[in-house]
Amino acid sequence: MISINEVIETNAMISKMNLDVRTITMGISLLDCVGADVGETCEKIYTKITTKAKDLVFIGNDIGRKYGIPIVNKRISITPIALIGSSVCKSTDDYVTIAKTLDKAADAVGVNFIGGYSALVCKGMTPSDELLIRSIPEALACTGKVCSSVNVGSTKTGIDMDAVKLIGEMVKETAELTKEEDSLGCCKFVVFCNAPDDNPFMAGAFHGVTEGDCVINVGVSGPGVVKSALEEVRGENFEVLCETIKKTAFKVTRVGQLVAKEASERLGVPFGIVDLSLAPTPAIGDSVGEILEEIGLEYAGAPGTTAALALLNDQVKKGGVMASSYVGGLSGAFIPVSEDQRMIDAVSAGALSLEKLEAMTCVCSVGLDMIAIPGDTSAATISGIIADEMALGMINQKTTAVRLIPVIGKGVGDQAEFGGLLGYAPIMPVNQFSCEKFINRGGRIPAPIHSFKN
């Protein structure tokens, strides 16, 4: 039974603390959509997506009105397209044709994004995987709602360094093709180690092959709620601090569970998971950086930042798993630069560097996210940064990711403008020493010794 006090408390979270359901994401399997050729495959893909998701936006909006909870995004995730196109796509143009079909389907049902223009290559690339990866720059340049990801490593298999090298080149090409929009195409691409099958957040969402035919996953966010709760215990010891974060995360996750269950019932689609990720926006008061400052840091990046973030991430997960039996996805704290005003301020103040962000990713949910770097950064350097982050995920048995934006024509001291939820970002300096010989070795970094569990 929900008490009147809980109702009042939740209303305050929504009206004063920026609590929202960041996304309802419908996962759709396309494994039954492979046709005799690209044309037939595209027809089947379009038909299945527009049939399954035809009511997603309407019902999402209706649930939001019913409970007074903002549901910011409605999204779709699909089976990694490298698997679907493997028997029919003979060129990068064939894959781009599928990307355009996905974009058309997303427009038809009215969702914000569709994710799953993806490949899973943690132990090696098939010819189909390589074709899809080489098609990513053109696919992201000619579509508006398609998001792409590639999983290049895992704790069990190691890191496919051939894929890492190729992706560095593709990130540069994507930046060039979208340079008139501050290389916006790179904002829609992420590279993973240990990617989860049920992540509802873009750009890394895809519908894993272990999932059912169709599922509803919900992503809830609440940095402002956590920040407000911590203001009430300012100066208290770590025990009080941790209990406050955990209890707040519990309340936020219950909101997500409520929305997920209702969406599942009304759409006639099984409920998958709730992802409780503290996902910031450019709005004042909706910042993970502000939480770190409330914990006691002058800026994110100050000594103690990694410990504070580890504490935050762990308590968020503990609160979430008590609130729902099906917490999944990433669940924790995102630390993007461009989407978080106080993280931007920390970079501008000189408190936060790329190297410190990398250290922080050892204990957070994702990785190096939405980081703008100089447009003349080499493909090898981008691959080196990716390799470092993949190694953290592989060794620490956690999900890590990289979303870098080399902004063509801009350098350190300039600013990139992405708009909307993506906000803006200062161009961050990158280590200028070369790793090209390392990246050019080719092959695979083997799995760590603790991967052998059988």
# chains A, B, ... in the order shown; residues from 1 in each chain; ligands from 1
call {"tool": "select_by_dssp", "arguments": {"residues": "region 167-405 of chain A", "states": "strand (DSSP E)", "output": "count of residues only"}}
result
36
call {"tool": "closest_atom_pairs", "arguments": {"of": "region 162-249 of chain A", "to": "region 258-281 of chain A", "cutoff": "8 Å", "atoms": "only C-alpha atoms", "output": "tab-separated table"}}
result
residue	atom	partner	partner_atom	distance
A:Asp198	CA	A:Ile273	CA	7.4
A:Asn199	CA	A:Asp275	CA	7.4
A:Pro200	CA	A:Asp275	CA	7.2
A:Cys214	CA	A:Val269	CA	6.3
A:Val215	CA	A:Pro270	CA	5.1
A:Ile216	CA	A:Phe271	CA	4.9
A:Asn217	CA	A:Ile273	CA	5.0
A:Val218	CA	A:Val274	CA	4.9
A:Gly219	CA	A:Asp275	CA	4.6
A:Val220	CA	A:Leu276	CA	5.1
A:Ser221	CA	A:Leu278	CA	4.9
A:Gly222	CA	A:Leu278	CA	5.6
A:Pro223	CA	A:Leu278	CA	5.3
A:Ala249	CA	A:Leu276	CA	7.8
call {"tool": "residues_around", "arguments": {"residues": "Val96 (chain A)", "least_positions_apart": "3", "cutoff": "7 Å", "atoms": "only C-alpha atoms", "output": "ChimeraX atom specification"}}
result
/A:92-93,99-100,135,138-139
call {"tool": "residues_around", "arguments": {"residues": "Val412 (chain A)", "least_positions_apart": "2", "cutoff": "12 Å", "atoms": "only C-alpha atoms", "output": "MDAnalysis selection string"}}
result
chainID A and resid 347:348 372:377 406:410 414:416 425:431
call {"tool": "write_last_selection", "arguments": {"atoms": "C-alpha atoms", "output": "compact mmCIF listing (two decimals), in the first residue's frame"}}
result
# COMPACT_ATOMS: atom_id res chain seq x y z
CA VAL A 347 36.81 21.01 -17.04
CA SER A 348 36.80 24.77 -17.60
CA ALA A 372 34.83 16.52 -27.14
CA ILE A 373 38.48 16.43 -28.24
CA PRO A 374 40.48 18.37 -30.85
CA GLY A 375 39.44 17.61 -34.43
CA ASP A 376 43.04 16.93 -35.46
CA THR A 377 43.43 14.06 -32.97
CA PRO A 406 36.77 14.77 -32.37
CA VAL A 407 35.28 18.13 -33.39
CA ILE A 408 36.64 18.95 -36.83
CA GLY A 409 38.05 22.46 -37.09
CA LYS A 410 38.16 23.07 -33.34
CA ASP A 414 36.96 26.07 -28.22
CA GLN A 415 33.46 24.82 -27.53
CA ALA A 416 31.24 22.33 -29.40
CA ALA A 425 31.18 20.71 -24.39
CA PRO A 426 34.59 22.33 -24.02
CA ILE A 427 37.27 20.74 -26.21
CA MET A 428 39.52 18.76 -23.85
CA PRO A 429 43.26 18.30 -24.40
CA VAL A 430 44.58 14.86 -25.38
CA ASN A 431 48.01 13.39 -24.67
call {"tool": "residues_around", "arguments": {"residues": "Ala82 (chain A)", "least_positions_apart": "3", "cutoff": "10 Å", "atoms": "only C-alpha atoms", "output": "ChimeraX atom specification"}}
result
/A:79,85-87,89,95,116-121,126-133,150
call {"tool": "write_last_selection", "arguments": {"atoms": "all heavy atoms", "output": "compact mmCIF listing (two decimals), in the first residue's frame"}}
result
# COMPACT_ATOMS: atom_id res chain seq x y z
N THR A 79 17.81 -5.99 -32.43
CA THR A 79 18.88 -6.98 -32.58
C THR A 79 20.05 -6.35 -33.34
O THR A 79 19.83 -5.65 -34.34
CB THR A 79 18.38 -8.20 -33.36
OG1 THR A 79 17.18 -8.67 -32.77
CG2 THR A 79 19.42 -9.30 -33.39
N GLY A 85 21.96 -8.54 -41.11
CA GLY A 85 22.40 -8.32 -42.49
C GLY A 85 23.46 -9.27 -42.99
O GLY A 85 23.91 -9.16 -44.14
N SER A 86 23.86 -10.23 -42.16
CA SER A 86 25.03 -11.05 -42.51
C SER A 86 24.86 -11.85 -43.79
O SER A 86 25.83 -12.06 -44.53
CB SER A 86 25.37 -12.00 -41.36
OG SER A 86 24.28 -12.86 -41.08
N SER A 87 23.64 -12.28 -44.11
CA SER A 87 23.45 -13.11 -45.31
C SER A 87 23.00 -12.31 -46.53
O SER A 87 23.02 -12.85 -47.64
CB SER A 87 22.44 -14.22 -45.02
OG SER A 87 21.16 -13.69 -44.76
N CYS A 89 23.67 -8.54 -46.89
CA CYS A 89 24.43 -7.31 -47.15
C CYS A 89 25.81 -7.65 -47.71
O CYS A 89 26.62 -8.30 -47.04
CB CYS A 89 24.57 -6.49 -45.87
SG CYS A 89 23.02 -5.79 -45.28
N TYR A 95 24.22 -1.97 -46.02
CA TYR A 95 23.96 -1.68 -44.61
C TYR A 95 23.37 -0.28 -44.43
O TYR A 95 22.47 -0.08 -43.60
CB TYR A 95 25.24 -1.84 -43.78
CG TYR A 95 25.43 -3.25 -43.29
CD1 TYR A 95 26.47 -4.04 -43.75
CD2 TYR A 95 24.56 -3.79 -42.35
CE1 TYR A 95 26.64 -5.35 -43.30
CE2 TYR A 95 24.71 -5.09 -41.90
CZ TYR A 95 25.74 -5.86 -42.36
OH TYR A 95 25.88 -7.15 -41.92
N GLY A 116 20.82 -0.04 -32.08
CA GLY A 116 21.05 -1.41 -32.48
C GLY A 116 21.72 -1.54 -33.83
O GLY A 116 21.87 -2.65 -34.35
N TYR A 117 22.14 -0.40 -34.40
CA TYR A 117 22.96 -0.47 -35.61
C TYR A 117 24.35 -0.86 -35.12
O TYR A 117 25.25 -0.03 -34.99
CB TYR A 117 22.95 0.87 -36.34
CG TYR A 117 23.47 0.79 -37.77
CD1 TYR A 117 22.68 0.26 -38.78
CD2 TYR A 117 24.76 1.21 -38.07
CE1 TYR A 117 23.16 0.17 -40.08
CE2 TYR A 117 25.24 1.12 -39.37
CZ TYR A 117 24.44 0.60 -40.36
OH TYR A 117 24.92 0.51 -41.66
N SER A 118 24.47 -2.14 -34.80
CA SER A 118 25.55 -2.59 -33.92
C SER A 118 26.20 -3.88 -34.40
O SER A 118 25.64 -4.61 -35.23
CB SER A 118 25.00 -2.82 -32.50
OG SER A 118 24.34 -1.67 -32.02
N ALA A 119 27.37 -4.14 -33.83
CA ALA A 119 28.08 -5.39 -34.06
C ALA A 119 28.72 -5.84 -32.75
O ALA A 119 29.13 -5.01 -31.93
CB ALA A 119 29.15 -5.22 -35.14
N LEU A 120 28.82 -7.16 -32.56
CA LEU A 120 29.44 -7.74 -31.37
C LEU A 120 30.70 -8.47 -31.82
O LEU A 120 30.62 -9.55 -32.41
CB LEU A 120 28.46 -8.70 -30.69
CG LEU A 120 27.05 -8.15 -30.43
CD1 LEU A 120 26.16 -9.23 -29.81
CD2 LEU A 120 27.10 -6.92 -29.53
N VAL A 121 31.86 -7.87 -31.56
CA VAL A 121 33.10 -8.38 -32.15
C VAL A 121 34.19 -8.55 -31.10
O VAL A 121 35.37 -8.33 -31.38
CB VAL A 121 33.59 -7.45 -33.29
CG1 VAL A 121 32.57 -7.41 -34.42
CG2 VAL A 121 33.86 -6.03 -32.79
N THR A 126 33.51 -10.92 -38.23
CA THR A 126 33.11 -11.61 -39.46
C THR A 126 33.14 -10.59 -40.59
O THR A 126 33.19 -9.37 -40.34
CB THR A 126 31.69 -12.18 -39.34
OG1 THR A 126 30.76 -11.09 -39.24
CG2 THR A 126 31.56 -13.09 -38.13
N PRO A 127 33.11 -11.04 -41.85
CA PRO A 127 33.01 -10.06 -42.95
C PRO A 127 31.81 -9.13 -42.80
O PRO A 127 31.89 -7.94 -43.10
CB PRO A 127 32.88 -10.96 -44.19
CG PRO A 127 33.60 -12.22 -43.82
CD PRO A 127 33.30 -12.41 -42.35
N SER A 128 30.69 -9.67 -42.30
CA SER A 128 29.50 -8.85 -42.09
C SER A 128 29.74 -7.79 -41.02
O SER A 128 29.35 -6.62 -41.18
CB SER A 128 28.32 -9.74 -41.68
OG SER A 128 27.19 -8.96 -41.34
N ASP A 129 30.39 -8.17 -39.92
CA ASP A 129 30.71 -7.21 -38.86
C ASP A 129 31.56 -6.07 -39.40
O ASP A 129 31.31 -4.89 -39.13
CB ASP A 129 31.48 -7.90 -37.73
CG ASP A 129 30.65 -8.91 -36.97
OD1 ASP A 129 29.43 -8.71 -36.85
OD2 ASP A 129 31.23 -9.91 -36.50
N GLU A 130 32.58 -6.42 -40.19
CA GLU A 130 33.48 -5.39 -40.71
C GLU A 130 32.76 -4.46 -41.67
O GLU A 130 32.97 -3.24 -41.65
CB GLU A 130 34.69 -6.03 -41.39
CG GLU A 130 35.70 -4.99 -41.85
CD GLU A 130 37.00 -5.58 -42.35
OE1 GLU A 130 37.25 -6.79 -42.11
OE2 GLU A 130 37.77 -4.83 -42.99
N LEU A 131 31.88 -5.02 -42.50
CA LEU A 131 31.11 -4.17 -43.41
C LEU A 131 30.24 -3.20 -42.63
O LEU A 131 30.16 -2.01 -42.97
CB LEU A 131 30.23 -5.03 -44.33
CG LEU A 131 30.85 -5.63 -45.58
CD1 LEU A 131 29.83 -6.48 -46.32
CD2 LEU A 131 31.40 -4.55 -46.49
N LEU A 132 29.57 -3.68 -41.59
CA LEU A 132 28.73 -2.78 -40.81
C LEU A 132 29.56 -1.68 -40.16
O LEU A 132 29.19 -0.50 -40.22
CB LEU A 132 27.96 -3.53 -39.72
CG LEU A 132 27.06 -2.58 -38.91
CD1 LEU A 132 25.63 -3.09 -38.80
CD2 LEU A 132 27.63 -2.29 -37.53
N ILE A 133 30.69 -2.04 -39.57
CA ILE A 133 31.52 -1.03 -38.92
C ILE A 133 31.99 0.01 -39.93
O ILE A 133 31.96 1.22 -39.65
CB ILE A 133 32.72 -1.70 -38.21
CG1 ILE A 133 32.22 -2.54 -37.02
CG2 ILE A 133 33.71 -0.65 -37.71
CD1 ILE A 133 33.28 -3.42 -36.39
N VAL A 150 29.36 -0.74 -30.95
CA VAL A 150 30.13 -1.95 -31.23
C VAL A 150 30.74 -2.43 -29.93
O VAL A 150 31.36 -1.65 -29.19
CB VAL A 150 31.24 -1.69 -32.27
CG1 VAL A 150 32.03 -2.98 -32.52
CG2 VAL A 150 30.68 -1.14 -33.57
call {"tool": "select_by_dssp", "arguments": {"residues": "region 120-364 of chain A", "states": "helix (DSSP H, G or I)", "output": "ChimeraX atom specification"}}
result
/A:127-141,161-177,179-181,184-188,223-231,238-267,288-295,305-323,341-348,354-360
call {"tool": "residues_around", "arguments": {"residues": "region 40-55 of chain A", "least_positions_apart": "5", "cutoff": "7 Å", "atoms": "only C-alpha atoms", "output": "list of chain:residue names"}}
result
A:Leu30, A:Cys33, A:Val34, A:Gly35, A:Ile98, A:Thr101, A:Leu102, A:Ala105, A:Ala108, A:Val109
call {"tool": "residues_around", "arguments": {"residues": "region 296-298 of chain A", "least_positions_apart": "2", "cutoff": "12 Å", "atoms": "only C-alpha atoms", "output": "MDAnalysis selection string"}}
result
chainID A and resid 227 230:231 233:238 241 289:294 300:309 342:343 345:346 349:352
call {"tool": "closest_residue", "arguments": {"among": "A:Asn73, A:Ile28, A:Val38, A:Leu404", "to": "Lys90 (chain A)", "atoms": "only C-alpha atoms"}}
result
A:Val38
call {"tool": "closest_residue", "arguments": {"among": "A:Asp182, A:Met161, A:Phe189, A:Thr248", "to": "Asp388 (chain A)", "atoms": "only C-alpha atoms"}}
result
A:Met161
